[in-house]
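To start, the structure itself, in structure tokens.
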Amino acid sequence: MSETKAFVPTMGALHAGHLSLIEIAKSFSSNVVVSIFVNPLQFENPDDLATYPRDLDRDIAKAREAGATEIWSPTYDEIYPGEIAPISSGDLGKKYEGVGREGHFDGVLTVVDRLFKHIAPQWAVFGEKDFQQLFIIKRWVKSHNIPVEIVAAPLIRDLDGLALSSRNVRLSREDRKAALVISRALRQATSERSIESARDRLHDVLTSEPGFTLDYAEIINEDNFEPATSSRKGRALVAGWVNGVRLLDNMPMSSKSKVVAE
Ligand code: PAF
């Protein structure tokens with residue numbers, strides 16, 4: 001029988017969230033491939049691309065320690081050797097994260113397609129932290145009959161409740177305090193009984209923190225990513241900025257939020 005592979009695509013700056021993806025990948029195959037590639041196609045903002053945290057030696061050591069059996073950190077030319085025909089993420093790619101980030105999800109699908117073609121995994125693990133990305137990738141894999149099983153990994157929070165993200169290193173202590181409004185708002189909203197009161201609570205709590213600039217807050221239905229009409233299969237999504245640092249988070253309705261610290 002040919003060897004199986006479980007794949008964890010990353011853009012480096014590995015934290016406990018990524019390591020949990022590697023842990024999950026190990027339960028599918030003894031061959032765990034981790035890619036490290038900061039994909040310019042999914043950055044609409046050149047400053048964000050330029051300042052994206054990079055430390056390849058540290059990332060390789062962390063991935064190995066977590067159990068990766070193969071690490072691939074391709075160059076731009078290896079991924080994009082010729083002309084690029086971006087893969088469309090459709091209408092959903094223009095909503096929520098896609099509104100201010102034109103082409104972001106097309107860039108994600110384009111690189112994931114190239115990574116899948118190169119690695120040919122049976123499983124690929126993506127975090128629920130980027131919930132819209134996960135939905136778009138699952139839908140694309142299904143509609144194109146791509147022979148890779150997409151495995152969703154739960155979002156990981158620090159002890160104080162902040163969702164782990166590579167961008168968190170840019171937050172000062174004060175910024176971090178302001179950022180905690182996100183998990184607070186999600187916790188309160190997702191324990192509301194009705195979808196209307198959950199939406200109100202989400203907005204009220206988020207707008208009560210002067211250090212947080214709200215981009216969007218919505219409760220969507222996990223099956224179709226449309227605004228939820230009831231709590232069933234609802235998931236609250238939030239994005240915004242603290243001192244120029246973009247933060248994303250989400251929580252299922254009526255969840256007891258998981259806290260797993262580094
Ligand atoms: O989630 C990420 O880190 C990136 O979007 C991904 C999936 C590695 C594609 O560049």
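Going through the structure tokens in order, the chains are called A, B, and so on, while each chain numbers its residues from 1 and the ligands are numbered from 1 in the order shown.
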Could you name the residues that touch A:Pro147 at 12 Å or less, counting only C-alpha atoms, but leaving out those on the same chain fewer than 2 positions away, as a list in words?
Asp113, Phe116, Lys117, Ala120, Pro121, Gln122, Trp123, Ala124, Lys138, Trp140, Val141, Lys142, Ser143, His144, Asn145, Glu149 and Ile150 of chain A
Could you write those residues out with all heavy atoms, as a compact mmCIF listing (two decimals), in the first residue's frame?
# COMPACT_ATOMS: atom_id res chain seq x y z
N ASP A 113 -4.38 25.02 -3.58
CA ASP A 113 -4.41 24.13 -4.75
C ASP A 113 -2.99 23.70 -5.13
O ASP A 113 -2.71 22.52 -5.36
CB ASP A 113 -5.06 24.91 -5.90
CG ASP A 113 -5.14 24.09 -7.17
OD1 ASP A 113 -5.63 22.96 -7.10
OD2 ASP A 113 -4.71 24.60 -8.23
N PHE A 116 -1.54 21.38 -2.44
CA PHE A 116 -2.16 20.04 -2.52
C PHE A 116 -1.55 19.27 -3.71
O PHE A 116 -1.27 18.08 -3.60
CB PHE A 116 -3.67 20.13 -2.72
CG PHE A 116 -4.46 20.41 -1.46
CD1 PHE A 116 -3.84 20.67 -0.24
CD2 PHE A 116 -5.86 20.40 -1.49
CE1 PHE A 116 -4.58 20.92 0.91
CE2 PHE A 116 -6.60 20.64 -0.34
CZ PHE A 116 -5.97 20.90 0.86
N LYS A 117 -1.38 19.95 -4.84
CA LYS A 117 -0.85 19.25 -6.02
C LYS A 117 0.57 18.76 -5.76
O LYS A 117 0.96 17.69 -6.19
CB LYS A 117 -0.89 20.17 -7.24
CG LYS A 117 -2.31 20.25 -7.79
CD LYS A 117 -2.40 21.04 -9.05
CE LYS A 117 -3.82 20.96 -9.60
NZ LYS A 117 -4.32 22.26 -10.05
N ALA A 120 0.16 16.15 -2.40
CA ALA A 120 -0.81 15.06 -2.60
C ALA A 120 -1.16 14.35 -1.29
O ALA A 120 -0.96 13.12 -1.15
CB ALA A 120 -0.28 14.07 -3.64
N PRO A 121 -1.67 15.11 -0.33
CA PRO A 121 -2.03 14.47 0.95
C PRO A 121 -3.40 13.80 0.86
O PRO A 121 -4.20 14.12 -0.01
CB PRO A 121 -2.12 15.67 1.91
CG PRO A 121 -2.61 16.79 1.03
CD PRO A 121 -2.04 16.55 -0.36
N GLN A 122 -3.66 12.88 1.81
CA GLN A 122 -5.01 12.32 1.94
C GLN A 122 -5.85 13.18 2.87
O GLN A 122 -7.06 13.22 2.76
CB GLN A 122 -4.96 10.89 2.51
CG GLN A 122 -4.54 9.82 1.52
CD GLN A 122 -3.09 9.92 1.11
OE1 GLN A 122 -2.23 10.35 1.88
NE2 GLN A 122 -2.80 9.55 -0.12
N TRP A 123 -5.18 13.84 3.83
CA TRP A 123 -5.87 14.71 4.81
C TRP A 123 -5.14 16.05 4.86
O TRP A 123 -3.90 16.09 4.74
CB TRP A 123 -5.84 14.10 6.22
CG TRP A 123 -6.47 12.75 6.30
CD1 TRP A 123 -7.78 12.48 6.51
CD2 TRP A 123 -5.80 11.49 6.16
NE1 TRP A 123 -7.99 11.14 6.50
CE2 TRP A 123 -6.79 10.50 6.29
CE3 TRP A 123 -4.50 11.10 5.94
CZ2 TRP A 123 -6.50 9.14 6.21
CZ3 TRP A 123 -4.20 9.77 5.85
CH2 TRP A 123 -5.19 8.80 5.98
N ALA A 124 -5.88 17.11 5.10
CA ALA A 124 -5.27 18.42 5.34
C ALA A 124 -6.01 19.06 6.50
O ALA A 124 -7.24 19.05 6.54
CB ALA A 124 -5.35 19.29 4.10
N LYS A 138 -13.42 23.95 2.23
CA LYS A 138 -14.24 22.73 2.23
C LYS A 138 -15.17 22.71 1.02
O LYS A 138 -15.33 21.69 0.36
CB LYS A 138 -15.12 22.69 3.49
CG LYS A 138 -14.48 22.06 4.68
CD LYS A 138 -15.57 21.93 5.74
CE LYS A 138 -15.09 21.36 7.01
NZ LYS A 138 -16.05 21.59 8.09
N TRP A 140 -14.87 24.32 -1.84
CA TRP A 140 -14.10 24.19 -3.09
C TRP A 140 -13.65 22.74 -3.30
O TRP A 140 -13.79 22.19 -4.40
CB TRP A 140 -12.91 25.16 -3.01
CG TRP A 140 -11.82 24.93 -4.00
CD1 TRP A 140 -11.84 25.22 -5.34
CD2 TRP A 140 -10.52 24.39 -3.73
NE1 TRP A 140 -10.65 24.88 -5.91
CE2 TRP A 140 -9.82 24.37 -4.94
CE3 TRP A 140 -9.88 23.93 -2.58
CZ2 TRP A 140 -8.51 23.89 -5.04
CZ3 TRP A 140 -8.58 23.46 -2.68
CH2 TRP A 140 -7.93 23.43 -3.90
N VAL A 141 -13.17 22.09 -2.23
CA VAL A 141 -12.73 20.69 -2.31
C VAL A 141 -13.90 19.81 -2.74
O VAL A 141 -13.77 18.94 -3.61
CB VAL A 141 -12.14 20.24 -0.95
CG1 VAL A 141 -12.10 18.74 -0.80
CG2 VAL A 141 -10.75 20.83 -0.77
N LYS A 142 -15.08 20.08 -2.13
CA LYS A 142 -16.25 19.26 -2.43
C LYS A 142 -16.71 19.48 -3.88
O LYS A 142 -16.93 18.53 -4.63
CB LYS A 142 -17.37 19.64 -1.45
CG LYS A 142 -18.50 18.69 -1.46
CD LYS A 142 -19.40 18.90 -0.26
CE LYS A 142 -20.57 17.96 -0.39
NZ LYS A 142 -21.79 18.53 0.11
N SER A 143 -16.80 20.75 -4.27
CA SER A 143 -17.37 21.03 -5.59
C SER A 143 -16.41 20.62 -6.71
O SER A 143 -16.83 20.41 -7.85
CB SER A 143 -17.77 22.50 -5.73
OG SER A 143 -16.61 23.28 -5.66
N HIS A 144 -15.11 20.51 -6.43
CA HIS A 144 -14.15 20.11 -7.46
C HIS A 144 -13.69 18.66 -7.30
O HIS A 144 -12.73 18.24 -7.96
CB HIS A 144 -12.93 21.05 -7.45
CG HIS A 144 -13.25 22.41 -7.98
ND1 HIS A 144 -13.99 23.32 -7.26
CD2 HIS A 144 -12.98 23.00 -9.16
CE1 HIS A 144 -14.13 24.43 -7.97
NE2 HIS A 144 -13.54 24.25 -9.14
N ASN A 145 -14.37 17.92 -6.41
CA ASN A 145 -14.01 16.52 -6.16
C ASN A 145 -12.52 16.33 -5.92
O ASN A 145 -11.89 15.41 -6.47
CB ASN A 145 -14.42 15.63 -7.35
CG ASN A 145 -15.91 15.58 -7.47
OD1 ASN A 145 -16.61 15.43 -6.48
ND2 ASN A 145 -16.40 15.74 -8.70
N GLU A 149 -9.27 14.94 2.29
CA GLU A 149 -10.26 15.15 3.36
C GLU A 149 -9.83 16.35 4.19
O GLU A 149 -8.70 16.39 4.70
CB GLU A 149 -10.37 13.90 4.23
CG GLU A 149 -11.47 14.02 5.26
CD GLU A 149 -11.54 12.82 6.18
OE1 GLU A 149 -11.26 11.68 5.70
OE2 GLU A 149 -11.85 13.01 7.35
N ILE A 150 -10.74 17.33 4.30
CA ILE A 150 -10.42 18.53 5.09
C ILE A 150 -10.82 18.28 6.54
O ILE A 150 -11.98 17.98 6.84
CB ILE A 150 -11.16 19.78 4.54
CG1 ILE A 150 -10.82 19.99 3.07
CG2 ILE A 150 -10.81 21.02 5.37
CD1 ILE A 150 -9.35 20.20 2.75
So that I can check the surroundings of A:Ile79, please list as a list of chain:residue names every protein, DNA and RNA residue that reaches within 12 Å of it, counting only C-alpha atoms and ignoring chain neighbours fewer than 5 positions away.
A:Ser35, A:Ile36, A:Phe37, A:Val38, A:Asn39, A:Pro40, A:Leu41, A:Trp72, A:Ser73, A:Pro74, A:Ile84, A:Thr110, A:Val111, A:Val112, A:Asp113, A:Arg114, A:Leu115, A:Phe116, A:Lys117, A:His118, A:Ile119
Once you have the residues from the selection above, write them out as a short mmCIF file (atom, residue, chain, number, x, y, z; two decimals), in the first residue's frame, restricted to C-alpha atoms.
data_model
loop_
_atom_site.label_atom_id
_atom_site.label_comp_id
_atom_site.auth_asym_id
_atom_site.auth_seq_id
_atom_site.Cartn_x
_atom_site.Cartn_y
_atom_site.Cartn_z
CA SER A 35 4.49 23.65 4.69
CA ILE A 36 5.79 27.09 5.61
CA PHE A 37 5.10 29.68 2.94
CA VAL A 38 4.01 33.29 3.38
CA ASN A 39 1.73 33.57 0.38
CA PRO A 40 1.88 37.09 -1.13
CA LEU A 41 -1.30 36.41 -3.14
CA TRP A 72 8.57 22.17 3.09
CA SER A 73 9.37 25.87 2.87
CA PRO A 74 9.18 26.57 -0.86
CA ILE A 84 -0.97 32.65 -12.14
CA THR A 110 -4.75 29.37 -5.34
CA VAL A 111 -1.93 28.52 -2.95
CA VAL A 112 -3.82 25.63 -1.30
CA ASP A 113 -4.41 24.13 -4.75
CA ARG A 114 -0.68 24.33 -5.55
CA LEU A 115 0.31 22.93 -2.15
CA PHE A 116 -2.16 20.04 -2.52
CA LYS A 117 -0.85 19.25 -6.02
CA HIS A 118 2.75 19.18 -4.80
CA ILE A 119 2.16 17.23 -1.58
#
Within 12 Å of stretch 206-209 of chain A, counting only C-alpha atoms, which residues qualify if same-chain residues fewer than 2 places away don't, as a ChimeraX atom specification?
/A:175-189,199-204,211-218,237-242
Report, in Å to a single decimal, how far apart atom 9 (C, counted along the ligand's line) of ligand 1 and atom CA of A:Asn224 are.
21.8 Å
Give the helix (DSSP H, G or I) residues of stretch 18-194 of chain A, as DSSP finds them on the backbone, and put them as a PyMOL selection string.
chain A and resi 18-26+40-42+46-51+56-66+76-79+91-94+96-98+104-119+131-143+166-170+173-190
With only C-alpha atoms as the counted atoms, please give the residues lying no more than 8 Å from A:Ile136, apart from itself and same-chain residues fewer than 6 positions off, as an mmCIF file with C-alpha atoms, in the first residue's frame.
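What follows is the written file part_15.cif:
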data_model
loop_
_atom_site.group_PDB
_atom_site.id
_atom_site.type_symbol
_atom_site.label_atom_id
_atom_site.label_comp_id
_atom_site.auth_asym_id
_atom_site.auth_seq_id
_atom_site.Cartn_x
_atom_site.Cartn_y
_atom_site.Cartn_z
ATOM 1 C CA SER A 89 -13.699 31.985 -4.072
ATOM 2 C CA LEU A 92 -18.590 34.452 -0.213
ATOM 3 C CA GLY A 93 -14.975 35.417 -0.883
ATOM 4 C CA PHE A 105 -9.641 34.115 -0.465
#
Which parts of stretch 62-171 of chain A does DSSP call strand (DSSP E or B) when run on the backbone here, written out as an mmCIF file with N, CA and C atoms, in the first residue's frame?
data_model
loop_
_atom_site.group_PDB
_atom_site.id
_atom_site.type_symbol
_atom_site.label_atom_id
_atom_site.label_comp_id
_atom_site.auth_asym_id
_atom_site.auth_seq_id
_atom_site.Cartn_x
_atom_site.Cartn_y
_atom_site.Cartn_z
ATOM 1 N N GLU A 70 8.040 15.852 7.730
ATOM 2 C CA GLU A 70 8.587 16.537 6.547
ATOM 3 C C GLU A 70 8.174 18.011 6.611
ATOM 4 N N ILE A 71 9.131 18.886 6.354
ATOM 5 C CA ILE A 71 8.803 20.320 6.372
ATOM 6 C C ILE A 71 9.209 20.885 5.017
ATOM 7 N N TRP A 72 8.304 21.607 4.419
ATOM 8 C CA TRP A 72 8.572 22.165 3.091
ATOM 9 C C TRP A 72 8.393 23.676 3.161
ATOM 10 N N TRP A 123 -5.176 13.843 3.835
ATOM 11 C CA TRP A 123 -5.872 14.707 4.805
ATOM 12 C C TRP A 123 -5.139 16.047 4.863
ATOM 13 N N ALA A 124 -5.885 17.108 5.097
ATOM 14 C CA ALA A 124 -5.266 18.418 5.338
ATOM 15 C C ALA A 124 -6.007 19.056 6.501
ATOM 16 N N VAL A 125 -5.241 19.575 7.449
ATOM 17 C CA VAL A 125 -5.840 20.097 8.683
ATOM 18 C C VAL A 125 -5.810 21.632 8.661
ATOM 19 N N PHE A 126 -6.984 22.235 8.862
ATOM 20 C CA PHE A 126 -7.110 23.697 8.906
ATOM 21 C C PHE A 126 -7.807 24.085 10.205
ATOM 22 N N GLY A 127 -7.407 25.210 10.770
ATOM 23 C CA GLY A 127 -7.980 25.634 12.048
ATOM 24 C C GLY A 127 -9.326 26.330 11.886
ATOM 25 N N GLU A 149 -9.270 14.937 2.292
ATOM 26 C CA GLU A 149 -10.263 15.155 3.357
ATOM 27 C C GLU A 149 -9.834 16.352 4.192
ATOM 28 N N ILE A 150 -10.740 17.333 4.303
ATOM 29 C CA ILE A 150 -10.422 18.534 5.094
ATOM 30 C C ILE A 150 -10.818 18.277 6.540
ATOM 31 N N VAL A 151 -9.841 18.405 7.419
ATOM 32 C CA VAL A 151 -10.069 18.150 8.844
ATOM 33 C C VAL A 151 -10.079 19.502 9.567
ATOM 34 N N ALA A 152 -11.146 19.760 10.334
ATOM 35 C CA ALA A 152 -11.259 21.041 11.051
ATOM 36 C C ALA A 152 -10.703 20.894 12.459
ATOM 37 N N ALA A 153 -9.830 21.811 12.841
ATOM 38 C CA ALA A 153 -9.229 21.752 14.181
ATOM 39 C C ALA A 153 -9.775 22.892 15.038
ATOM 40 N N ARG A 157 -7.328 29.005 22.540
ATOM 41 C CA ARG A 157 -7.244 30.296 23.234
ATOM 42 C C ARG A 157 -6.129 30.286 24.270
ATOM 43 N N ALA A 163 -7.847 34.479 21.348
ATOM 44 C CA ALA A 163 -7.604 33.421 20.357
ATOM 45 C C ALA A 163 -6.151 33.509 19.899
#
